[in-house]
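*Asks:* Dropping the structure in here first, questions after.
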Amino acid sequence: MSNSSAPKNNLGNFFEDFRIGQEIRHATPRTVSLGDVALYHSLFGPRFTVQSSDVFAQGIGYPRSPLDDLLVFHIVFGKTVPDISLNAVANLGYADCRFLKAVYPGDTLNAVSEVIGLKENSNRKSGIVYVRSRGFNQHGDAVLDYARWVMVRKRDEAAAAPGEKVPELPKAVDVAQLGAACPAINSAAYDLALAGSPHRFGDYQIGEKIDHVDGMTVEEAEHMIATRLYQNTAKVHFNQFAQSKDRFGKRLIYGGHVISLARALSFNGLGNAFHIAAINGGRHVAPLFAGLTVFAWSEVLAKADLPGRSDVGALRLRTIATKDRPCADFPLKPALGPAEGGTRGSGDDYDPAVILDLDYWVLMVK
Amino acid sequence: MSNSSAPKNNLGNFFEDFRIGQEIRHATPRTVSLGDVALYHSLFGPRFTVQSSDVFAQGIGYPRSPLDDLLVFHIVFGKTVPDISLNAVANLGYADCRFLKAVYPGDTLNAVSEVIGLKENSNRKSGIVYVRSRGFNQHGDAVLDYARWVMVRKRDEAAAAPGEKVPELPKAVDVAQLGAACPAINSAAYDLALAGSPHRFGDYQIGEKIDHVDGMTVEEAEHMIATRLYQNTAKVHFNQFAQSKDRFGKRLIYGGHVISLARALSFNGLGNAFHIAAINGGRHVAPLFAGLTVFAWSEVLAKADLPGRSDVGALRLRTIATKDRPCADFPLKPALGPAEGGTRGSGDDYDPAVILDLDYWVLMVK
Amino acid sequence: MSNSSAPKNNLGNFFEDFRIGQEIRHATPRTVSLGDVALYHSLFGPRFTVQSSDVFAQGIGYPRSPLDDLLVFHIVFGKTVPDISLNAVANLGYADCRFLKAVYPGDTLNAVSEVIGLKENSNRKSGIVYVRSRGFNQHGDAVLDYARWVMVRKRDEAAAAPGEKVPELPKAVDVAQLGAACPAINSAAYDLALAGSPHRFGDYQIGEKIDHVDGMTVEEAEHMIATRLYQNTAKVHFNQFAQSKDRFGKRLIYGGHVISLARALSFNGLGNAFHIAAINGGRHVAPLFAGLTVFAWSEVLAKADLPGRSDVGALRLRTIATKDRPCADFPLKPALGPAEGGTRGSGDDYDPAVILDLDYWVLMVK
């Protein structure tokens with residue numbers, strides 16, 4: 001029993017509340033269902049066939065269609081918000097995100113985070129919290145593992161810093177760590193016509209750029225419906241009364257919404273990239289607001305064989321999403337031009353239309 | 001076979017069409033599913049763990065996660081609309097609402113109402129219809145029972161009043177009537193960390209007030225999607241063409257939408273109040289429109305042990321919802337100030353931001 | 001393996017890419033679920049009881065509630081878009097659309113089209129493509145079969161016409177072809193009170209007109225959520241950035257959305273028309289935009305007994321949908337007035353509020 005005079009509501013943790021090595025079991029385990037799958041389809045319009053057809057999935061080696069990888073990510077991420085980022089100033093980055101096991105309708109997901117780093121800002125008003133978060137299914141199997149860092153306000157500027165440690169995180173997930181969530185695929189049974197793209201792993205070249213062509217406009221109702229589905233409680237997405245007093249005057253759209261839109265758009269050009277195996281890093285370069293239209297393009301950064309597997313190969317992709325800006329000319333940095341797109345730049349020199357810069361590994365049928 | 005010259009469309013019942021003692025079997029039985037559950041999550045963002053995780057629910061004594069109580073309420077309520085309130089001027093109140101049996105995905109709900117009272121208004125243009133409505137599952141078990149009264153227009157002002165009787169309705173549901181829909185709970189297995197709140201029944205004090213902190217903005221698409229999900233056909237929620245000629249000029253949001261928002265917000269402070277056992281009464285103090293942000297606070301009106309049960313206790317709550325008005329100072333009545341909040345007032349003296357005043361019993365783990 | 005230097009994205013087929021007799025297996029088979037059903041309910045609010053209650057459906061002879069016929073139509077139609085109509089100027093018409101087998105949650109749908117006609121326009125900028133499209137379930141059984149013609153742009157105006165043939169299509173589906181998707185109905189078990197209408201097949205008269213009374217306003221989020229649910233990728237529905245430069249300046253709402261709205265509204269007057277057996281033809285007279293309110297009325301064009309069946313009869317209906325225009329006076333053609341409504345007119349003389357003119361067969365219990 002808690003102290004009965006304690007306030008009953010949760011105002012979230014502040015920077016000084018965290019401790020290095022602290023483990024947080026997050027609340028609200030969630031049984032995922034075909035209802036979630038249908039909503040995910042309706043909100044983003046993905047067309048990757050493995051996630052669309054049980055028959056297709058079974059034909060190539062899955063027991064049935066798994067959940068979209070990003071739906072799993074969003075649900076696990078959502079659980080961490082009330083403990084980690086309710087008082088966040090900014091979500092700074094992710095790294096070392098690996099999808100470890102396929103998730104199916106009927107599975108129940110829960111999440112645990114460990115505080116792996118802390119660094120107070122020099123103004124002592126806030127600090128950076130580094131966490132490693134893991135999602136588990138009802139059997140206790142890890143389905144997702146990722147690091148994230150976020151700038152969190154202090155409750156009391158005078159409070160002592162709770163420790164200082166900046167963790168080492170890999171720039172990219174090692175190829176040997178890819179593919180745990182993907183069963184052995186029967187490539188011969190993989191029907192390219194049903195999958196909607198004739199292009200296999202071998203058809204893609206390092207350095208190749210692909211315009212995903214289509215644009216998708218986002219409405220307030222859509223991003224809120226999505227973000228509530230994940231039980232993500234970050235205030236900035238839902239509370240127009242408070243946001244109207246903010247510098248933007250508008251609700252901010254959950255960054256994961258942009259990732260899901262970009263992934264769904266990327267089907268047009270990457271139709272056989274049926275599984276996200278890992279996210280190496282991601283940056284929300286600028287906020288997205290309702291009423292704007294999202295476009296995307298991708299570059300193939302690298303290609304890799306998976307140790308011991310001949311069914312699928314891994315493409316390392318960089319996907320750039322923009323707002324109100326088609327991507328036929330691969331917008332990235334205004335000064336250097338698109339020819340320099342393959343080089344990472346600092347945030348300051350992005351094309352003003354760019355909202356997402358995502359580096360990830362997908363698996364594609366060979 | 002009906003009279004083939006009869007009009008085929010249904011314009012709804014008018015006040016003079018009702019008879020005391022009349023029983024109405026409502027149309028459109030509905031098999032509820034995990035699709036409905038996912039939509040309910042996406043529209044309101046509830047985080048009560050019993051309804052979120054089959055594993056958690058099973059751990060404490062449910063066969064699986066039951067439907068959110070209010071989803072059951074809305075579906076049963078929706079069925080009554082075409083017969084009872086299509087020509088309503090105002091939905092005046094509810095009383096004696098009891099949740100009698102848990103509802104699970106796959107159950108089929110239907111509804112029956114009995115006219116328990118009628119009172120013509122002195123202007124003879126309308127009258128108050130009192131009904132007792134009951135929802136049943138496919139086995140014929142009652143899952144919900146409530147009284148409601150609504151002001152309904154007359155078709156013909158000259159028509160005789162169809163009877164006059166004002167039923168006696170309890171001010172509050174008796175404690176002995178609570179808990180039928182809640183199985184015996186294994187409190188030891190109830191994991192407070194997973195549930196998201198450390199506060200058990202014993203931690204709450206009578207008179208305690210809780211600010212639920214968060215705000216949720218409502219969009220037109222959201223309340224229409226919700227209200228159609230319940231097959232509720234009340235015209236004022238859907239028809240902007242007609243509403244633009246109305247005094248507000250806007251679609252009115254279904255009052256039950258506000259109740260569901262307030263309930264979801266109340267998780268922040270009442271996280272272990274996993275079941276609504278009864279609604280003693282409710283008043284929609286003012287209408288809500290799209291674009292406004294809903295906030296809520298609650299007061300503990302009473303606490304009660306349930307006869308023969310040591311697993312859960314009952315909290316009688318008064319939850320107040322507001323629009324575009326945070327609730328840190330517990331807004332209720334402008335003249336008397338928040339210190340008087342515990343006393344019921346007439347509708348005229350509510351703070352202009354208040355939209356809902358709901359009195360209900362929840363069960364909380366001991 | 002495809003040519004690795006080929007562009008990876010799909011810009012769709014242009015008029016000169018089609019060949020008479022060409023068969024196209026469309027991508028993205030889709031396992032339908034109760035999640036799709038819940039979304040369909042939430043977006044349109046249908047109340048036909050066969051599709052709402054498993055218990056009701058089982059009572060009259062179905063194994064469980066089938067999917068709404070139009071949900072099946074939209075999903076099959078959606079699959080054809082990336083191959084047939086990505087470069088469409090206008091969707092010109094449908095004919096000979098027959099529902100051949102009931103579809104249930106868990107079924108997996110795929111689609112195949114055959115090019116049955118081609119006719120270049122005299123300006124050589126575009127041409128009409130006629131296709132017969134068929135939807136199949138996971139057993140290879142045809143569930144839907146329809147012809148559609150659409151005006152498609154040429155990539156290169158100088159390209160030779162790929163053939164010329166205008167297929168003969170029936171003005172209406174023959175009565176002998178109706179009913180394959182409807183099992184034998186136990187009329188005695190069909191509960192008219194639960195179904196929500198007292199009117200059986202015998203109660204309807206040829207020439208009878210029915211105002212469906214209610215209006216439904218459409219929001220941008222709603223039509224996009226619906227259209228993505230069907231994996232329909234037609235650009236005009238989703239991309240406000242591009243549409244803002246179009247002559248309307250707005251996203252166009254998928255024509256099938258209007259059909260579903262009209263069908264859901266038609267419950268009020270046609271409550272026992274539980275199955276669409278065939279669509280004879282349909283015309284999207286004018287576009288619909290978000291913010292407008294849809295109304296509908298219907299006329300009984302014909303009645304027919306089904307060969308060898310006494311359980312259900314077929315009504316041939318003409319349903320007219322309007323925007324921001326109630327239908328109590330059956331709007332159709334401004335000059336001739338509603339008394340002429342039974343006669344087909346050319347598109348030019350429709351009432352400016354009319355957006356849909358649909359001719360179809362429904363089955364109704366006898």
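Convention: chains lettered A, B, ... in structure tokens order; per-chain residue numbering from 1; ligands numbered from 1 as shown.
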Would you write out, as CSV, a table of all residues in chain B that have an atom no more than 6 Å from an atom of chain A, listing for each the closest atom pair and the distance in Å to one decimal, considering only C-alpha atoms and ordering rows by chain and rising residue number?

*Replies:*
residue,atom,partner,partner_atom,distance
B:Leu34,CA,A:Gly35,CA,5.5
B:Gly35,CA,A:Gly35,CA,3.9
B:Ala38,CA,A:Gly35,CA,5.0
B:His41,CA,A:Leu229,CA,5.5
B:Ser42,CA,A:Leu229,CA,4.1
B:Leu43,CA,A:Ile225,CA,5.6
B:Gly45,CA,A:Arg228,CA,4.6
B:Thr49,CA,A:Thr28,CA,5.2
B:Ser52,CA,A:Arg30,CA,5.0
B:Ser53,CA,A:Arg30,CA,4.6
B:Ala193,CA,A:Ala27,CA,5.8
B:Leu194,CA,A:Ala27,CA,4.0
B:Ala195,CA,A:Ala27,CA,5.5
B:Gly196,CA,A:Ala27,CA,4.6
B:Pro198,CA,A:Ser2,CA,5.8
B:His199,CA,A:Ser2,CA,5.5
B:Asp203,CA,A:Ser4,CA,4.1
B:Gly215,CA,A:Asn239,CA,5.2
B:Met216,CA,A:Asn239,CA,5.1
B:Thr217,CA,A:Asn239,CA,5.4
B:Glu219,CA,A:Ala221,CA,5.9
B:Asn268,CA,A:Asn9,CA,5.0
B:Gly269,CA,A:Asn9,CA,3.9
B:Thr293,CA,A:Phe241,CA,5.9
B:Asp324,CA,A:Phe241,CA,5.9

*Asks:* Which of range 95-242 of chain B counts as helix (DSSP H, G or I) under DSSP, as a list in words please?

*Replies:*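 Put together, the selection reads Val175, Ala176, Gln177, Ser187, Ala188, Ala189, Leu192, Ala193, Leu194, Ala195, Phe201, Gly202, Asp203, Glu220, Ala221, Glu222, His223, Met224, Ile225, Ala226, Thr227, Arg228, Leu229, Lys235, Val236, His237, Gln240, Phe241 and Ala242 of chain B.
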
*Asks:* Okay, now the selection with N, CA, C and O atoms, as a short mmCIF file (atom, residue, chain, number, x, y, z; two decimals), in the first residue's frame?

*Replies:*
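So the final result, stored in out_15.cif, reads:
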data_model
loop_
_atom_site.label_atom_id
_atom_site.label_comp_id
_atom_site.auth_asym_id
_atom_site.auth_seq_id
_atom_site.Cartn_x
_atom_site.Cartn_y
_atom_site.Cartn_z
N VAL B 175 -24.80 -0.49 -2.32
CA VAL B 175 -23.56 -1.24 -2.34
C VAL B 175 -23.80 -2.74 -2.54
O VAL B 175 -23.00 -3.43 -3.20
N ALA B 176 -24.87 -3.24 -2.02
CA ALA B 176 -25.16 -4.67 -2.14
C ALA B 176 -25.37 -5.07 -3.60
O ALA B 176 -25.31 -6.25 -3.95
N GLN B 177 -25.61 -4.09 -4.45
CA GLN B 177 -25.86 -4.39 -5.87
C GLN B 177 -24.60 -4.28 -6.73
O GLN B 177 -24.67 -4.46 -7.94
N SER B 187 -5.99 -10.73 -5.41
CA SER B 187 -5.26 -9.46 -5.16
C SER B 187 -3.76 -9.67 -5.13
O SER B 187 -3.00 -8.78 -5.53
N ALA B 188 -3.34 -10.83 -4.66
CA ALA B 188 -1.89 -11.08 -4.55
C ALA B 188 -1.24 -11.10 -5.94
O ALA B 188 -0.07 -10.76 -6.10
N ALA B 189 -2.02 -11.52 -6.93
CA ALA B 189 -1.49 -11.59 -8.29
C ALA B 189 -1.61 -10.27 -9.04
O ALA B 189 -1.15 -10.14 -10.17
N LEU B 192 0.97 -4.20 -9.16
CA LEU B 192 0.75 -2.74 -9.18
C LEU B 192 1.65 -2.04 -10.19
O LEU B 192 1.25 -1.02 -10.78
N ALA B 193 2.84 -2.55 -10.41
CA ALA B 193 3.73 -1.91 -11.39
C ALA B 193 3.15 -2.04 -12.80
O ALA B 193 3.09 -1.07 -13.56
N LEU B 194 2.68 -3.23 -13.13
CA LEU B 194 2.08 -3.41 -14.45
C LEU B 194 0.77 -2.62 -14.57
O LEU B 194 0.40 -2.16 -15.64
N ALA B 195 0.08 -2.49 -13.44
CA ALA B 195 -1.19 -1.76 -13.47
C ALA B 195 -0.98 -0.26 -13.60
O ALA B 195 -1.89 0.46 -14.00
N PHE B 201 -7.17 0.46 -2.84
CA PHE B 201 -8.41 0.95 -2.24
C PHE B 201 -8.15 1.69 -0.93
O PHE B 201 -8.70 2.78 -0.68
N GLY B 202 -7.31 1.09 -0.09
CA GLY B 202 -7.08 1.66 1.24
C GLY B 202 -6.38 3.01 1.22
O GLY B 202 -6.39 3.73 2.22
N ASP B 203 -5.79 3.36 0.12
CA ASP B 203 -5.04 4.62 0.04
C ASP B 203 -5.92 5.83 -0.23
O ASP B 203 -5.44 6.97 -0.16
N GLU B 220 -13.81 16.12 -35.04
CA GLU B 220 -15.10 15.66 -35.58
C GLU B 220 -15.04 14.20 -36.00
O GLU B 220 -15.93 13.40 -35.72
N ALA B 221 -13.95 13.83 -36.70
CA ALA B 221 -13.86 12.46 -37.19
C ALA B 221 -13.89 11.47 -36.03
O ALA B 221 -14.51 10.40 -36.13
N GLU B 222 -13.26 11.82 -34.92
CA GLU B 222 -13.17 10.89 -33.81
C GLU B 222 -14.52 10.61 -33.17
O GLU B 222 -14.87 9.45 -32.93
N HIS B 223 -15.27 11.65 -32.88
CA HIS B 223 -16.54 11.37 -32.18
C HIS B 223 -17.53 10.71 -33.12
O HIS B 223 -18.34 9.89 -32.69
N MET B 224 -17.45 11.01 -34.41
CA MET B 224 -18.37 10.34 -35.34
C MET B 224 -17.98 8.88 -35.51
O MET B 224 -18.85 7.99 -35.56
N ILE B 225 -16.69 8.60 -35.62
CA ILE B 225 -16.24 7.21 -35.73
C ILE B 225 -16.70 6.42 -34.50
O ILE B 225 -17.19 5.29 -34.61
N ALA B 226 -16.55 7.00 -33.33
CA ALA B 226 -16.96 6.31 -32.09
C ALA B 226 -18.47 6.08 -32.09
O ALA B 226 -18.95 4.97 -31.82
N THR B 227 -19.22 7.10 -32.40
CA THR B 227 -20.67 7.03 -32.22
C THR B 227 -21.29 6.11 -33.25
O THR B 227 -22.26 5.39 -32.96
N ARG B 228 -20.73 6.08 -34.46
CA ARG B 228 -21.19 5.09 -35.45
C ARG B 228 -20.83 3.68 -35.02
O ARG B 228 -21.58 2.73 -35.30
N LEU B 229 -19.68 3.52 -34.39
CA LEU B 229 -19.28 2.18 -33.92
C LEU B 229 -20.37 1.59 -33.03
O LEU B 229 -20.59 0.39 -33.02
N LYS B 235 -29.26 12.17 -34.76
CA LYS B 235 -28.88 12.98 -35.92
C LYS B 235 -27.89 14.09 -35.59
O LYS B 235 -27.08 14.47 -36.44
N VAL B 236 -28.00 14.63 -34.39
CA VAL B 236 -27.21 15.82 -34.05
C VAL B 236 -25.71 15.59 -34.07
O VAL B 236 -24.94 16.54 -34.12
N HIS B 237 -25.29 14.32 -34.05
CA HIS B 237 -23.86 14.03 -34.01
C HIS B 237 -23.22 13.98 -35.40
O HIS B 237 -22.00 14.04 -35.52
N GLN B 240 -23.88 17.85 -40.31
CA GLN B 240 -23.47 19.24 -40.23
C GLN B 240 -24.39 20.15 -41.03
O GLN B 240 -24.61 21.30 -40.65
N PHE B 241 -24.95 19.61 -42.11
CA PHE B 241 -25.87 20.41 -42.93
C PHE B 241 -27.04 20.88 -42.08
O PHE B 241 -27.41 22.06 -42.09
N ALA B 242 -27.63 19.96 -41.32
CA ALA B 242 -28.75 20.33 -40.46
C ALA B 242 -28.28 21.14 -39.25
O ALA B 242 -28.90 22.14 -38.87
#

*Asks:* Per DSSP on the backbone, filter range 119-278 of chain C down to the residues in strand (DSSP E) and report them as an MDAnalysis selection string.

*Replies:* chainID C and resid 119:120 126:136 142:153 209:211 216:217 275:278

*Asks:* Write out, as a tab-separated table (two decimals), in the first residue's frame, the residues just selected, with C-alpha atoms.

*Replies:*
chain	number	residue	atom	x	y	z
C	119	LYS	CA	-10.49	2.53	-77.14
C	120	GLU	CA	-8.19	5.44	-77.70
C	126	SER	CA	-5.78	9.04	-73.37
C	127	GLY	CA	-8.00	6.06	-73.90
C	128	ILE	CA	-10.63	3.96	-72.25
C	129	VAL	CA	-9.54	0.69	-70.64
C	130	TYR	CA	-12.24	-1.90	-70.02
C	131	VAL	CA	-11.40	-4.60	-67.49
C	132	ARG	CA	-13.18	-7.52	-65.98
C	133	SER	CA	-11.94	-7.90	-62.41
C	134	ARG	CA	-12.48	-10.89	-60.19
C	135	GLY	CA	-11.90	-11.34	-56.50
C	136	PHE	CA	-11.05	-14.77	-55.12
C	142	ALA	CA	-14.58	-16.33	-57.06
C	143	VAL	CA	-16.32	-14.03	-54.59
C	144	LEU	CA	-16.85	-11.02	-56.86
C	145	ASP	CA	-16.88	-10.40	-60.61
C	146	TYR	CA	-17.36	-7.04	-62.29
C	147	ALA	CA	-16.56	-4.99	-65.37
C	148	ARG	CA	-15.20	-1.48	-65.06
C	149	TRP	CA	-14.06	1.11	-67.54
C	150	VAL	CA	-11.76	3.94	-66.85
C	151	MET	CA	-10.08	6.68	-68.88
C	152	VAL	CA	-6.29	6.31	-68.65
C	153	ARG	CA	-3.64	8.78	-69.79
C	209	LYS	CA	-39.66	5.99	-53.69
C	210	ILE	CA	-38.08	6.05	-50.26
C	211	ASP	CA	-36.38	8.99	-48.61
C	216	MET	CA	-23.92	12.01	-42.81
C	217	THR	CA	-21.10	14.55	-42.96
C	275	HIS	CA	-27.50	-8.44	-49.20
C	276	ILE	CA	-26.36	-6.67	-52.35
C	277	ALA	CA	-26.53	-9.38	-54.97
C	278	ALA	CA	-25.37	-7.36	-57.97

*Asks:* Would you mind listing what lies within 10 Å of Leu358 in chain C as number ranges by chain, with only C-alpha atoms counted and same-chain residues fewer than 4 positions away left out?

*Replies:* C: 94, 259, 262, 279-285, 298, 317-321

*Asks:* Could you name the residues that touch Lys165 in chain B at 8 Å or less, counting only C-alpha atoms, but leaving out those on the same chain fewer than 2 positions away, as a PDB file with N, CA and C atoms, in the first residue's frame?

*Replies:*
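As written to disk, selection_8.pdb reads:
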ATOM      1  N   ILE B  20     -47.085   3.726 -20.872  1.00  0.00           N
ATOM      2  CA  ILE B  20     -46.479   3.208 -19.644  1.00  0.00           C
ATOM      3  C   ILE B  20     -46.573   1.681 -19.644  1.00  0.00           C
ATOM      4  N   ILE B 116     -41.127   3.321 -18.236  1.00  0.00           N
ATOM      5  CA  ILE B 116     -41.485   3.287 -16.811  1.00  0.00           C
ATOM      6  C   ILE B 116     -42.075   4.600 -16.328  1.00  0.00           C
ATOM      7  N   GLY B 117     -42.143   5.579 -17.192  1.00  0.00           N
ATOM      8  CA  GLY B 117     -42.758   6.834 -16.779  1.00  0.00           C
ATOM      9  C   GLY B 117     -42.953   7.752 -17.967  1.00  0.00           C
ATOM     10  N   LEU B 118     -43.947   8.634 -17.837  1.00  0.00           N
ATOM     11  CA  LEU B 118     -44.237   9.618 -18.885  1.00  0.00           C
ATOM     12  C   LEU B 118     -44.743  10.874 -18.188  1.00  0.00           C
ATOM     13  N   LYS B 119     -44.339  12.016 -18.671  1.00  0.00           N
ATOM     14  CA  LYS B 119     -44.866  13.263 -18.107  1.00  0.00           C
ATOM     15  C   LYS B 119     -44.836  14.329 -19.188  1.00  0.00           C
ATOM     16  N   GLY B 163     -50.336   9.252 -20.832  1.00  0.00           N
ATOM     17  CA  GLY B 163     -50.276   8.742 -19.463  1.00  0.00           C
ATOM     18  C   GLY B 163     -49.381   9.649 -18.656  1.00  0.00           C
ATOM     19  N   PRO B 167     -41.442   7.883 -12.263  1.00  0.00           N
ATOM     20  CA  PRO B 167     -40.969   6.748 -11.456  1.00  0.00           C
ATOM     21  C   PRO B 167     -40.044   7.205 -10.338  1.00  0.00           C
TER      22      PRO B 167
END

*Asks:* List as a count of residues only the protein and nucleic acid residues near Ile60 in chain B, meaning an atom at most 8 Å away when only C-alpha atoms are counted, but skip any in the same chain fewer than 2 places from it.

*Replies:* 9
